[in-house]
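See below for coords.cif, which holds mmCIF, C-alpha atoms and all ligand atoms.
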data_coords
loop_
_atom_site.label_atom_id
_atom_site.label_comp_id
_atom_site.auth_asym_id
_atom_site.auth_seq_id
_atom_site.Cartn_x
_atom_site.Cartn_y
_atom_site.Cartn_z
CA MET M 1 0.00 0.00 0.00
CA ILE M 2 0.95 3.65 -0.38
CA ILE M 3 0.44 5.99 2.54
CA VAL M 4 0.50 9.65 1.59
CA LEU M 5 1.17 11.88 4.58
CA LYS M 6 -0.09 15.41 5.04
CA PRO M 7 2.31 18.31 4.45
CA GLY M 8 4.34 19.31 7.50
CA VAL M 9 4.28 15.88 9.16
CA SER M 10 6.83 15.43 11.97
CA ARG M 11 9.75 12.96 12.11
CA LYS M 12 8.09 11.29 15.08
CA GLU M 13 4.88 10.69 13.16
CA ILE M 14 6.82 9.16 10.24
CA LYS M 15 8.71 6.95 12.67
CA ASP M 16 5.57 5.87 14.49
CA ILE M 17 3.77 4.84 11.30
CA SER M 18 6.85 3.01 10.02
CA LYS M 19 7.07 1.13 13.32
CA ARG M 20 3.41 0.12 13.17
CA LEU M 21 3.84 -1.17 9.64
CA LYS M 22 7.01 -3.11 10.46
CA GLU M 23 5.31 -4.71 13.44
CA LYS M 24 2.67 -6.04 11.05
CA GLY M 25 5.40 -7.54 8.87
CA TYR M 26 5.53 -4.92 6.12
CA LEU M 27 8.64 -3.90 4.20
CA VAL M 28 8.72 -0.12 4.60
CA ASP M 29 10.19 2.50 2.30
CA VAL M 30 9.89 6.19 3.11
CA SER M 31 10.32 8.64 0.25
CA GLU M 32 10.48 12.30 1.00
CA GLY M 33 9.35 14.30 -2.00
CA LYS M 34 9.42 18.07 -2.32
CA GLU M 35 5.92 18.50 -0.96
CA ARG M 36 4.89 15.22 0.57
CA VAL M 37 6.27 12.27 2.45
CA VAL M 38 5.04 9.00 0.98
CA ILE M 39 5.44 5.63 2.68
CA GLY M 40 5.45 2.51 0.56
CA ALA M 41 4.58 -0.66 2.50
CA ILE M 42 4.73 -4.13 1.04
CA GLY M 43 3.47 -7.17 2.84
CA SER M 44 2.36 -10.52 1.57
CA ASN M 45 -0.37 -12.46 3.35
CA VAL M 46 -0.85 -9.70 5.84
CA GLU M 47 -4.05 -10.41 7.74
CA GLU M 48 -6.86 -7.91 7.94
CA LYS M 49 -5.17 -5.70 5.40
CA GLU M 50 -8.28 -3.69 4.66
CA ALA M 51 -9.10 -3.00 8.31
CA PHE M 52 -5.48 -1.99 8.90
CA MET M 53 -5.53 0.35 5.91
CA ALA M 54 -8.69 1.96 7.24
CA GLN M 55 -7.10 2.43 10.69
CA LEU M 56 -4.08 4.11 9.11
CA SER M 57 -6.25 6.40 7.03
CA PHE M 58 -7.87 7.78 10.21
CA LEU M 59 -4.53 8.94 11.66
CA PRO M 60 -4.38 12.75 11.76
CA CYS M 61 -1.11 12.93 9.78
CA VAL M 62 -2.34 10.68 6.96
CA GLU M 63 -3.86 12.19 3.85
CA LYS M 64 -4.76 8.96 2.09
CA VAL M 65 -3.97 5.26 1.91
CA MET M 66 -4.05 3.46 -1.44
CA PRO M 67 -3.54 -0.19 -2.30
CA ILE M 68 -0.96 -1.04 -5.00
CA LEU M 69 -3.03 -3.06 -7.39
CA LYS M 70 -0.24 -4.27 -9.67
CA PRO M 71 1.43 -7.64 -8.90
CA TYR M 72 4.81 -5.88 -8.98
CA LYS M 73 4.88 -3.37 -6.15
CA LEU M 74 8.31 -1.87 -5.47
CA VAL M 75 9.06 -1.23 -9.14
CA SER M 76 5.60 0.07 -9.97
CA SER M 77 5.06 3.71 -10.86
CA GLU M 78 2.39 3.85 -8.16
CA TYR M 79 5.10 3.25 -5.59
CA ARG M 80 7.63 5.95 -6.41
CA GLU M 81 8.46 8.88 -8.61
CA LYS M 82 11.06 8.32 -11.33
CA THR M 83 14.24 6.55 -10.26
CA VAL M 84 17.55 7.88 -11.46
CA VAL M 85 20.27 5.24 -11.25
CA ASN M 86 23.60 6.80 -10.35
CA VAL M 87 26.59 5.04 -11.85
CA GLY M 88 29.34 7.16 -10.36
CA ASP M 89 28.73 10.54 -11.95
CA VAL M 90 26.65 9.08 -14.81
CA LYS M 91 22.92 9.33 -14.24
CA ILE M 92 20.55 6.96 -16.00
CA GLY M 93 16.90 7.98 -15.98
CA GLY M 94 17.42 11.73 -15.89
CA ARG M 95 17.24 14.23 -18.75
CA LYS M 96 20.18 12.66 -20.57
CA VAL M 97 19.89 9.65 -22.83
CA VAL M 98 22.93 7.55 -21.96
CA LEU M 99 24.87 5.58 -24.55
CA MET M 100 26.47 2.24 -23.69
CA ALA M 101 28.70 0.94 -26.46
CA GLY M 102 31.37 -1.65 -27.15
CA PRO M 103 31.93 -5.10 -28.58
CA CYS M 104 29.67 -8.05 -27.89
CA ALA M 105 32.54 -9.77 -26.05
CA VAL M 106 35.83 -8.79 -24.46
CA GLU M 107 38.34 -9.99 -27.06
CA GLY M 108 41.66 -8.90 -25.56
CA GLY M 109 43.22 -6.44 -23.14
CA GLU M 110 44.78 -4.06 -25.65
CA GLN M 111 41.69 -4.01 -27.87
CA THR M 112 39.42 -3.30 -24.89
CA LEU M 113 41.66 -0.43 -23.84
CA GLN M 114 41.71 1.07 -27.35
CA ILE M 115 37.92 0.82 -27.64
CA ALA M 116 37.48 2.42 -24.22
CA LYS M 117 39.73 5.31 -25.27
CA ALA M 118 37.91 5.79 -28.59
CA LEU M 119 34.54 5.76 -26.80
CA MET M 120 35.71 8.27 -24.22
CA ARG M 121 36.85 10.54 -27.08
CA ALA M 122 33.36 10.23 -28.55
CA GLY M 123 31.83 11.28 -25.23
CA VAL M 124 30.56 7.79 -24.34
CA LYS M 125 30.73 7.13 -20.62
CA ILE M 126 29.78 3.46 -20.46
CA LEU M 127 31.60 0.58 -22.15
CA ARG M 128 29.69 -2.65 -22.77
CA ALA M 129 31.48 -5.99 -23.37
CA GLY M 130 30.83 -9.48 -22.15
CA ALA M 131 33.46 -11.49 -20.29
CA PHE M 132 31.01 -14.30 -19.60
CA LYS M 133 29.10 -15.04 -22.80
CA PRO M 134 25.87 -17.03 -22.77
CA ARG M 135 26.01 -18.64 -26.23
CA THR M 136 23.30 -20.71 -27.84
CA SER M 137 25.86 -23.29 -28.96
CA PRO M 138 28.42 -24.78 -26.56
CA TYR M 139 30.88 -24.75 -29.49
CA SER M 140 30.74 -20.97 -29.92
CA PHE M 141 33.25 -18.62 -28.25
CA GLN M 142 32.30 -18.56 -24.56
CA GLY M 143 34.15 -15.42 -23.53
CA PHE M 144 37.32 -14.95 -21.50
CA GLY M 145 35.52 -15.22 -18.16
CA ARG M 146 37.53 -14.02 -15.18
CA LYS M 147 40.42 -12.87 -17.41
CA GLY M 148 37.98 -10.82 -19.47
CA LEU M 149 36.75 -9.14 -16.30
CA GLN M 150 40.30 -8.18 -15.45
CA MET M 151 40.74 -6.68 -18.92
CA LEU M 152 37.59 -4.61 -18.43
CA ASP M 153 38.76 -3.51 -15.02
CA ALA M 154 42.14 -2.45 -16.42
CA ALA M 155 40.46 -0.44 -19.20
CA ARG M 156 38.16 1.30 -16.76
CA LYS M 157 41.01 2.13 -14.40
CA ALA M 158 43.14 3.49 -17.26
CA THR M 159 40.42 5.62 -18.84
CA GLY M 160 37.77 6.29 -16.19
CA ILE M 161 35.06 4.80 -18.42
CA LYS M 162 32.26 2.93 -16.65
CA VAL M 163 31.71 -0.74 -17.49
CA VAL M 164 28.56 -2.82 -17.89
CA THR M 165 29.11 -6.58 -18.19
CA GLU M 166 27.07 -9.73 -17.79
CA VAL M 167 26.98 -12.07 -14.84
CA MET M 168 25.61 -15.57 -15.39
CA GLU M 169 26.12 -17.28 -12.04
CA PRO M 170 24.77 -16.24 -8.64
CA ARG M 171 28.17 -17.04 -7.07
CA ASP M 172 29.92 -14.62 -9.47
CA VAL M 173 27.82 -11.56 -8.68
CA GLY M 174 30.26 -10.18 -6.09
CA MET M 175 33.24 -10.65 -8.38
CA VAL M 176 31.54 -9.07 -11.40
CA ALA M 177 30.24 -6.16 -9.31
CA GLU M 178 33.76 -5.53 -8.06
CA HIS M 179 35.28 -5.38 -11.55
CA SER M 180 32.52 -3.34 -13.20
CA ASP M 181 30.03 -0.54 -12.58
CA ILE M 182 26.79 -2.14 -13.78
CA VAL M 183 25.99 -5.82 -13.51
CA GLN M 184 24.06 -7.09 -16.52
CA ILE M 185 21.53 -9.90 -16.32
CA GLY M 186 21.00 -11.30 -19.79
CA THR M 187 17.83 -12.30 -21.58
CA ARG M 188 18.44 -16.01 -20.93
CA ASN M 189 18.74 -15.40 -17.21
CA MET M 190 15.82 -13.08 -16.63
CA HIS M 191 14.02 -15.95 -14.91
CA ASN M 192 17.04 -17.05 -12.88
CA PHE M 193 15.58 -16.05 -9.55
CA GLU M 194 18.67 -16.89 -7.49
CA LEU M 195 20.74 -14.65 -9.76
CA LEU M 196 18.18 -11.86 -9.44
CA LYS M 197 18.24 -12.15 -5.65
CA GLU M 198 22.06 -12.09 -5.51
CA ALA M 199 22.13 -9.04 -7.78
CA GLY M 200 19.62 -7.44 -5.43
CA LYS M 201 21.72 -8.20 -2.37
CA SER M 202 24.87 -6.79 -4.01
CA GLY M 203 23.31 -3.31 -4.14
CA ALA M 204 25.15 -2.71 -7.43
CA PRO M 205 23.40 -1.07 -10.38
CA VAL M 206 21.77 -3.84 -12.41
CA LEU M 207 20.89 -3.79 -16.11
CA LEU M 208 18.06 -6.27 -16.44
CA LYS M 209 17.42 -7.47 -19.95
CA ARG M 210 13.95 -8.61 -20.88
CA GLY M 211 13.64 -12.35 -21.40
CA PHE M 212 13.14 -13.01 -25.11
CA ALA M 213 9.84 -14.73 -24.35
CA ALA M 214 8.84 -12.74 -21.28
CA THR M 215 5.76 -10.58 -21.02
CA ILE M 216 6.12 -7.06 -19.71
CA GLU M 217 4.59 -8.20 -16.42
CA GLU M 218 7.08 -11.07 -16.06
CA TRP M 219 9.92 -8.66 -16.79
CA LEU M 220 8.72 -6.24 -14.10
CA LEU M 221 8.29 -9.12 -11.64
CA ALA M 222 11.89 -10.14 -12.34
CA ALA M 223 12.89 -6.56 -11.47
CA GLU M 224 10.76 -6.89 -8.33
CA TYR M 225 12.98 -9.78 -7.16
CA ILE M 226 15.99 -7.43 -7.28
CA ALA M 227 14.12 -4.56 -5.63
CA LYS M 228 12.79 -6.81 -2.89
CA GLU M 229 16.38 -7.32 -1.71
CA GLY M 230 16.60 -3.56 -1.16
CA ASN M 231 18.18 -2.63 -4.49
CA GLN M 232 16.26 -0.17 -6.65
CA ASN M 233 19.29 0.61 -8.83
CA ILE M 234 17.75 -1.19 -11.77
CA ILE M 235 17.87 -0.28 -15.45
CA LEU M 236 15.40 -2.27 -17.53
CA CYS M 237 16.66 -3.12 -21.02
CA GLU M 238 14.42 -4.06 -23.94
CA ARG M 239 16.44 -6.26 -26.32
CA GLY M 240 13.85 -7.79 -28.59
CA ILE M 241 11.50 -10.70 -28.21
CA ARG M 242 10.97 -13.84 -30.23
CA THR M 243 8.06 -13.67 -32.66
CA PHE M 244 7.03 -15.50 -35.84
CA GLU M 245 9.25 -13.11 -37.83
CA THR M 246 12.48 -14.65 -39.09
CA HIS M 247 13.94 -11.80 -41.14
CA THR M 248 15.27 -10.25 -37.96
CA ARG M 249 16.94 -12.10 -35.09
CA ASN M 250 14.37 -10.69 -32.66
CA THR M 251 11.53 -8.20 -32.82
CA LEU M 252 12.45 -5.06 -30.92
CA ASP M 253 9.38 -4.30 -28.85
CA LEU M 254 9.26 -0.53 -28.61
CA ASN M 255 5.69 -0.82 -27.33
CA ALA M 256 7.25 -2.21 -24.18
CA VAL M 257 9.52 0.81 -23.80
CA ALA M 258 6.66 3.29 -23.84
CA ALA M 259 4.51 0.99 -21.68
CA VAL M 260 7.15 0.30 -19.05
CA LYS M 261 7.93 3.99 -18.76
CA GLN M 262 4.32 4.35 -17.61
CA LEU M 263 4.07 1.19 -15.52
CA SER M 264 7.35 1.56 -13.63
CA HIS M 265 9.51 4.30 -12.13
CA LEU M 266 12.67 2.54 -13.33
CA PRO M 267 14.76 3.82 -16.25
CA VAL M 268 14.52 1.87 -19.50
CA ALA M 269 17.31 1.22 -22.00
CA VAL M 270 17.07 -0.32 -25.45
CA ASP M 271 19.48 -2.67 -27.22
CA PRO M 272 18.82 -2.39 -30.98
CA SER M 273 21.81 -4.64 -31.78
CA HIS M 274 20.29 -7.79 -30.28
CA GLY M 275 16.82 -6.41 -30.95
CA THR M 276 17.32 -6.59 -34.70
CA GLY M 277 20.39 -8.80 -35.21
CA ARG M 278 21.06 -6.88 -38.43
CA VAL M 279 23.66 -4.17 -38.76
CA GLU M 280 21.62 -2.21 -41.31
CA LEU M 281 18.68 -1.92 -38.89
CA VAL M 282 20.62 -0.76 -35.86
CA ALA M 283 20.59 2.97 -36.72
CA PRO M 284 16.88 3.35 -37.52
CA LEU M 285 15.83 1.35 -34.45
CA SER M 286 18.20 3.34 -32.25
CA ARG M 287 16.58 6.55 -33.44
CA ALA M 288 13.14 5.05 -32.81
CA ALA M 289 14.19 3.95 -29.31
CA VAL M 290 15.22 7.47 -28.35
CA ALA M 291 12.00 8.84 -29.85
CA ALA M 292 10.00 6.29 -27.82
CA GLY M 293 11.50 7.59 -24.59
CA ALA M 294 14.47 5.30 -23.92
CA ASP M 295 16.76 6.51 -21.13
CA GLY M 296 19.71 4.64 -22.60
CA VAL M 297 20.80 2.91 -25.80
CA MET M 298 23.13 -0.07 -25.74
CA LEU M 299 25.02 -0.70 -28.97
CA GLU M 300 27.45 -3.31 -30.17
CA VAL M 301 30.40 -1.43 -31.68
CA HIS M 302 33.69 -2.95 -32.87
CA PRO M 303 36.76 -1.53 -34.65
CA ASP M 304 36.37 -4.28 -37.28
CA PRO M 305 32.92 -5.94 -37.07
CA ALA M 306 33.87 -8.51 -39.74
CA SER M 307 36.49 -9.98 -37.41
CA ALA M 308 34.42 -9.78 -34.19
CA LEU M 309 34.47 -13.04 -32.21
CA SER M 310 30.72 -12.85 -31.67
CA ASP M 311 27.67 -11.05 -33.11
CA GLY M 312 29.60 -9.34 -35.94
CA GLN M 313 26.44 -9.37 -38.09
CA GLN M 314 24.74 -6.90 -35.76
CA THR M 315 27.79 -4.88 -34.77
CA ILE M 316 28.42 -1.39 -36.16
CA SER M 317 31.86 0.07 -36.87
CA MET M 318 33.27 2.97 -34.89
CA LYS M 319 32.72 5.18 -37.94
CA SER M 320 29.02 4.27 -38.17
CA PHE M 321 28.73 4.74 -34.44
CA LEU M 322 30.07 8.28 -34.65
CA SER M 323 27.56 9.24 -37.32
CA LEU M 324 24.72 7.48 -35.46
CA ARG M 325 25.68 9.42 -32.36
CA LYS M 326 24.97 12.69 -34.21
CA GLU M 327 21.59 11.42 -35.38
CA LEU M 328 20.66 10.33 -31.87
CA ASP M 329 21.68 13.71 -30.55
CA ALA M 330 19.15 15.33 -32.90
CA VAL M 331 16.37 12.89 -31.95
CA ALA M 332 17.10 13.37 -28.23
CA LYS M 333 16.79 17.15 -28.65
CA ALA M 334 13.52 16.72 -30.53
CA VAL M 335 12.05 14.91 -27.50
CA GLY M 336 13.38 17.45 -25.01
CA ARG M 337 16.45 15.54 -23.90
CA THR M 338 20.19 15.53 -24.57
CA LEU M 339 22.61 12.74 -25.30
CA GLY M 340 24.99 11.75 -22.49
C1 LIG M 401 24.72 -9.02 -24.46
O1 LIG M 401 24.25 -7.87 -24.35
O2 LIG M 401 25.92 -9.24 -24.47
C2 LIG M 401 23.79 -10.17 -24.56
C3 LIG M 401 24.23 -11.42 -24.51
O3 LIG M 401 22.52 -9.79 -24.69
P1 LIG M 401 21.15 -10.64 -24.48
O4 LIG M 401 21.20 -11.20 -23.12
O5 LIG M 401 20.11 -9.57 -24.66
O6 LIG M 401 21.12 -11.65 -25.60
MN MN M 402 26.03 -9.87 -28.54
#
Do you think you could lay out the structure here as structure tokens?
Ligand code: PEP
Ligand code: MN
Amino acid sequence: MIIVLKPGVSRKEIKDISKRLKEKGYLVDVSEGKERVVIGAIGSNVEEKEAFMAQLSFLPCVEKVMPILKPYKLVSSEYREKTVVNVGDVKIGGRKVVLMAGPCAVEGGEQTLQIAKALMRAGVKILRAGAFKPRTSPYSFQGFGRKGLQMLDAARKATGIKVVTEVMEPRDVGMVAEHSDIVQIGTRNMHNFELLKEAGKSGAPVLLKRGFAATIEEWLLAAEYIAKEGNQNIILCERGIRTFETHTRNTLDLNAVAAVKQLSHLPVAVDPSHGTGRVELVAPLSRAAVAAGADGVMLEVHPDPASALSDGQQTISMKSFLSLRKELDAVAKAVGRTLG
């Protein structure tokens, strides 16, 4: 439920209500807005919920009490105003549309460093690259694992760029969080509840990709698992879903971007590289993503896409990236934002 307090409420009153809620077994979150203090309280199987809500609504400091009707609570837009995820000094979910770019996989220390430097020169503050690669075939390149993480860490230390990289195993969350700035949960792991819980416990910013066969509600419930552990530093990422269409690798669901921006307070990024699987579609879908309200765009970029160890067919060159960047800048301005 959401408890909206009257203006000018005292600390003691906030504390007293929080205590009452906790005693009943609720998870309590107090957000102090400019004008109002709002308490979010989540409890499952709480007895006599309605009677309790009525009692709370009669308290002199309470303006109103509302149930959260959605199955996802903590990540719902009813629960909170917009969340801005702070990744060091980079803010995701604010006025700026944030670019995350880099190769599909970490391919070597020197290459990672050179890409990080080139991206920094282009004003990109977040490098993407997988050290742990979830591949459809066990015979495909699986990534450099731990060594890849160290390469990413070295590049970020040398350049100051932030790093987003995937974690596949619950036991690796701590290690990945230590060597990066945003922990990515991939499409194939969106339903890996133990991984979601560990990512929640880590407190690290999490980029949660939508499962390729997950509904919007399932995606938001996956985010709820992370939030329930006390971590609201979540960036949702639409990366395409599987449909009957075979021309493209996936169907980028921009409906979901606009919808989730209304259903949730969390920032939403879009990955047009995996969303289309085709290099020639990456630019138009990136523009569309920004126009649809994306807070971030994640792009696979490689100095020589033809020699990339994975996903070369959907990876743009640095040159294409630089011209796309200009186009995205113009689209961002047209929707009242700027590119970060
Ligand atoms: C990736 O971004 O490296 C990746 C594997 O993406 P997805 O989980 O969306 O397939
Ligand atoms: Mn890829």
Exercise. Could I get the residue neighbourhood of ligand MN 402 (chain M) at 12 Å, counting only C-alpha atoms and all ligand atoms, as number ranges by chain?
Key: M: 101-106, 128-136, 141-143, 165-166, 186-187, 239, 249, 271-279, 298-302, 305, 308-316
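Between atom CA of Ala291 of chain M and atom CA of Ile92 of chain M the interatomic distance comes to 16.4 Å.
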Quiz item: In Å to one decimal, how far is atom CA of Cys61 of chain M from atom CA of Pro7 of chain M?
Solution: 8.3 Å
Practice problem: Give the answer as one residue: which of M:Lys34, M:His265, M:Arg188, M:Lys319 has the shortest atom-to-atom distance to ligand LIG 401 (chain M), using only C-alpha atoms and all ligand atoms? | Solution: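 Closest residue, counting only C-alpha atoms and all ligand atoms: M:Arg188.
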Quiz item: Which polymer residues have any atom within 9 Å of an atom of Val270 of chain M, counting all atoms listed in the file, with same-chain residues fewer than 6 positions away left out, as a list in words?
Solution: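 The residues that qualify are Leu236, Cys237, Glu238, Arg239, Gly240, Leu252, Leu254, Val257, Ser286, Ala289, Val290, Ala294, Asp295, Gly296, Val297, Met298 and Leu299 of chain M.
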Quiz item: Which of these, M:Arg210, M:Lys15, M:Lys333, M:Lys70, has the shortest distance to Gln184 of chain M once you count only C-alpha atoms?
Solution: M:Arg210
Quiz item: Looking at M:Leu27, M:Leu266, M:Val176, M:Met100, which one is nearest to Glu229 of chain M, with distances taken over only C-alpha atoms?
Solution: M:Leu27
Practice problem: Would you kindly return, as a ChimeraX atom specification, each protein, DNA or RNA residue with an atom no farther than 10 Å from any atom of Ile17 of chain M, considering all atoms listed in the file and excluding same-chain residues fewer than 4 positions away? | Solution: /M:3,12-13,21-23,28,39,56,59,61-62
Quiz item: Quick one, how far is atom CA of Ile235 of chain M from atom CA of Val84 of chain M?
Solution: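 So the answer is 9.1 Å.
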Quiz item: Closest to ligand LIG 401 (chain M) among M:Glu81, M:Glu63, M:Met190, M:Leu220, using only C-alpha atoms and all ligand atoms?
Solution: M:Met190
How big is the axis-aligned box, and where does its centre sit, when it encloses all atoms of ligand LIG 401 (chain M) listed in the file and has 4 Å added on every side, reported in Å to one decimal as JSON?
{"center_x": 23.0, "center_y": -9.8, "center_z": -24.4, "size_x": 13.8, "size_y": 11.8, "size_z": 10.5}
For segment 141-150 of chain M, which lacks atoms in the input, supply all heavy atoms and format the output as a PDB file, in the frame of the given file.
ATOM      1  N   PHE M 141      32.350 -19.325 -29.184  1.00  0.00           N
ATOM      2  CA  PHE M 141      33.250 -18.620 -28.250  1.00  0.00           C
ATOM      3  C   PHE M 141      32.490 -18.275 -26.959  1.00  0.00           C
ATOM      4  O   PHE M 141      31.447 -17.643 -26.996  1.00  0.00           O
ATOM      5  CB  PHE M 141      33.760 -17.350 -28.940  1.00  0.00           C
ATOM      6  CG  PHE M 141      34.536 -16.426 -28.057  1.00  0.00           C
ATOM      7  CD1 PHE M 141      35.684 -16.860 -27.395  1.00  0.00           C
ATOM      8  CD2 PHE M 141      34.130 -15.091 -27.904  1.00  0.00           C
ATOM      9  CE1 PHE M 141      36.411 -15.986 -26.581  1.00  0.00           C
ATOM     10  CE2 PHE M 141      34.850 -14.222 -27.092  1.00  0.00           C
ATOM     11  CZ  PHE M 141      35.981 -14.673 -26.439  1.00  0.00           C
ATOM     12  N   GLN M 142      33.016 -18.697 -25.839  1.00  0.00           N
ATOM     13  CA  GLN M 142      32.300 -18.560 -24.560  1.00  0.00           C
ATOM     14  C   GLN M 142      32.740 -17.355 -23.734  1.00  0.00           C
ATOM     15  O   GLN M 142      32.292 -17.171 -22.608  1.00  0.00           O
ATOM     16  CB  GLN M 142      32.496 -19.845 -23.719  1.00  0.00           C
ATOM     17  CG  GLN M 142      32.049 -21.131 -24.414  1.00  0.00           C
ATOM     18  CD  GLN M 142      30.521 -21.282 -24.460  1.00  0.00           C
ATOM     19  OE1 GLN M 142      29.859 -21.176 -23.440  1.00  0.00           O
ATOM     20  NE2 GLN M 142      29.983 -21.528 -25.652  1.00  0.00           N
ATOM     21  N   GLY M 143      33.662 -16.570 -24.284  1.00  0.00           N
ATOM     22  CA  GLY M 143      34.150 -15.420 -23.530  1.00  0.00           C
ATOM     23  C   GLY M 143      35.368 -15.770 -22.698  1.00  0.00           C
ATOM     24  O   GLY M 143      35.629 -16.943 -22.453  1.00  0.00           O
ATOM     25  N   PHE M 144      36.083 -14.721 -22.265  1.00  0.00           N
ATOM     26  CA  PHE M 144      37.320 -14.950 -21.500  1.00  0.00           C
ATOM     27  C   PHE M 144      37.090 -15.103 -20.000  1.00  0.00           C
ATOM     28  O   PHE M 144      38.047 -15.233 -19.235  1.00  0.00           O
ATOM     29  CB  PHE M 144      38.318 -13.813 -21.744  1.00  0.00           C
ATOM     30  CG  PHE M 144      39.000 -13.906 -23.091  1.00  0.00           C
ATOM     31  CD1 PHE M 144      38.963 -12.839 -23.986  1.00  0.00           C
ATOM     32  CD2 PHE M 144      39.698 -15.042 -23.446  1.00  0.00           C
ATOM     33  CE1 PHE M 144      39.606 -12.918 -25.216  1.00  0.00           C
ATOM     34  CE2 PHE M 144      40.346 -15.132 -24.675  1.00  0.00           C
ATOM     35  CZ  PHE M 144      40.294 -14.074 -25.566  1.00  0.00           C
ATOM     36  N   GLY M 145      35.825 -15.009 -19.582  1.00  0.00           N
ATOM     37  CA  GLY M 145      35.520 -15.220 -18.160  1.00  0.00           C
ATOM     38  C   GLY M 145      36.267 -14.239 -17.269  1.00  0.00           C
ATOM     39  O   GLY M 145      36.370 -13.045 -17.548  1.00  0.00           O
ATOM     40  N   ARG M 146      36.822 -14.805 -16.190  1.00  0.00           N
ATOM     41  CA  ARG M 146      37.530 -14.020 -15.180  1.00  0.00           C
ATOM     42  C   ARG M 146      38.623 -13.115 -15.781  1.00  0.00           C
ATOM     43  O   ARG M 146      38.773 -11.960 -15.390  1.00  0.00           O
ATOM     44  CB  ARG M 146      38.202 -15.027 -14.249  1.00  0.00           C
ATOM     45  CG  ARG M 146      38.289 -14.644 -12.832  1.00  0.00           C
ATOM     46  CD  ARG M 146      38.890 -15.823 -12.099  1.00  0.00           C
ATOM     47  NE  ARG M 146      37.864 -16.570 -11.406  1.00  0.00           N
ATOM     48  CZ  ARG M 146      37.626 -16.417 -10.096  1.00  0.00           C
ATOM     49  NH1 ARG M 146      38.338 -15.565  -9.392  1.00  0.00           N
ATOM     50  NH2 ARG M 146      36.690 -17.114  -9.503  1.00  0.00           N
ATOM     51  N   LYS M 147      39.346 -13.659 -16.767  1.00  0.00           N
ATOM     52  CA  LYS M 147      40.420 -12.870 -17.410  1.00  0.00           C
ATOM     53  C   LYS M 147      39.823 -11.667 -18.132  1.00  0.00           C
ATOM     54  O   LYS M 147      40.391 -10.579 -18.138  1.00  0.00           O
ATOM     55  CB  LYS M 147      41.152 -13.735 -18.445  1.00  0.00           C
ATOM     56  CG  LYS M 147      42.304 -14.484 -17.870  1.00  0.00           C
ATOM     57  CD  LYS M 147      43.217 -14.935 -19.011  1.00  0.00           C
ATOM     58  CE  LYS M 147      44.165 -16.002 -18.516  1.00  0.00           C
ATOM     59  NZ  LYS M 147      44.332 -17.096 -19.463  1.00  0.00           N
ATOM     60  N   GLY M 148      38.678 -11.899 -18.764  1.00  0.00           N
ATOM     61  CA  GLY M 148      37.980 -10.820 -19.470  1.00  0.00           C
ATOM     62  C   GLY M 148      37.570  -9.706 -18.504  1.00  0.00           C
ATOM     63  O   GLY M 148      37.670  -8.523 -18.817  1.00  0.00           O
ATOM     64  N   LEU M 149      37.134 -10.128 -17.320  1.00  0.00           N
ATOM     65  CA  LEU M 149      36.750  -9.140 -16.300  1.00  0.00           C
ATOM     66  C   LEU M 149      37.937  -8.271 -15.922  1.00  0.00           C
ATOM     67  O   LEU M 149      37.818  -7.063 -15.748  1.00  0.00           O
ATOM     68  CB  LEU M 149      36.292  -9.852 -15.028  1.00  0.00           C
ATOM     69  CG  LEU M 149      34.845 -10.261 -14.860  1.00  0.00           C
ATOM     70  CD1 LEU M 149      34.643 -10.793 -13.447  1.00  0.00           C
ATOM     71  CD2 LEU M 149      33.909  -9.087 -15.117  1.00  0.00           C
ATOM     72  N   GLN M 150      39.098  -8.942 -15.813  1.00  0.00           N
ATOM     73  CA  GLN M 150      40.300  -8.180 -15.450  1.00  0.00           C
ATOM     74  C   GLN M 150      40.673  -7.189 -16.545  1.00  0.00           C
ATOM     75  O   GLN M 150      41.114  -6.070 -16.274  1.00  0.00           O
ATOM     76  CB  GLN M 150      41.455  -9.139 -15.145  1.00  0.00           C
ATOM     77  CG  GLN M 150      41.300  -9.740 -13.754  1.00  0.00           C
ATOM     78  CD  GLN M 150      42.013 -11.065 -13.570  1.00  0.00           C
ATOM     79  OE1 GLN M 150      42.708 -11.538 -14.478  1.00  0.00           O
ATOM     80  NE2 GLN M 150      41.823 -11.671 -12.423  1.00  0.00           N
TER      81      GLN M 150
END
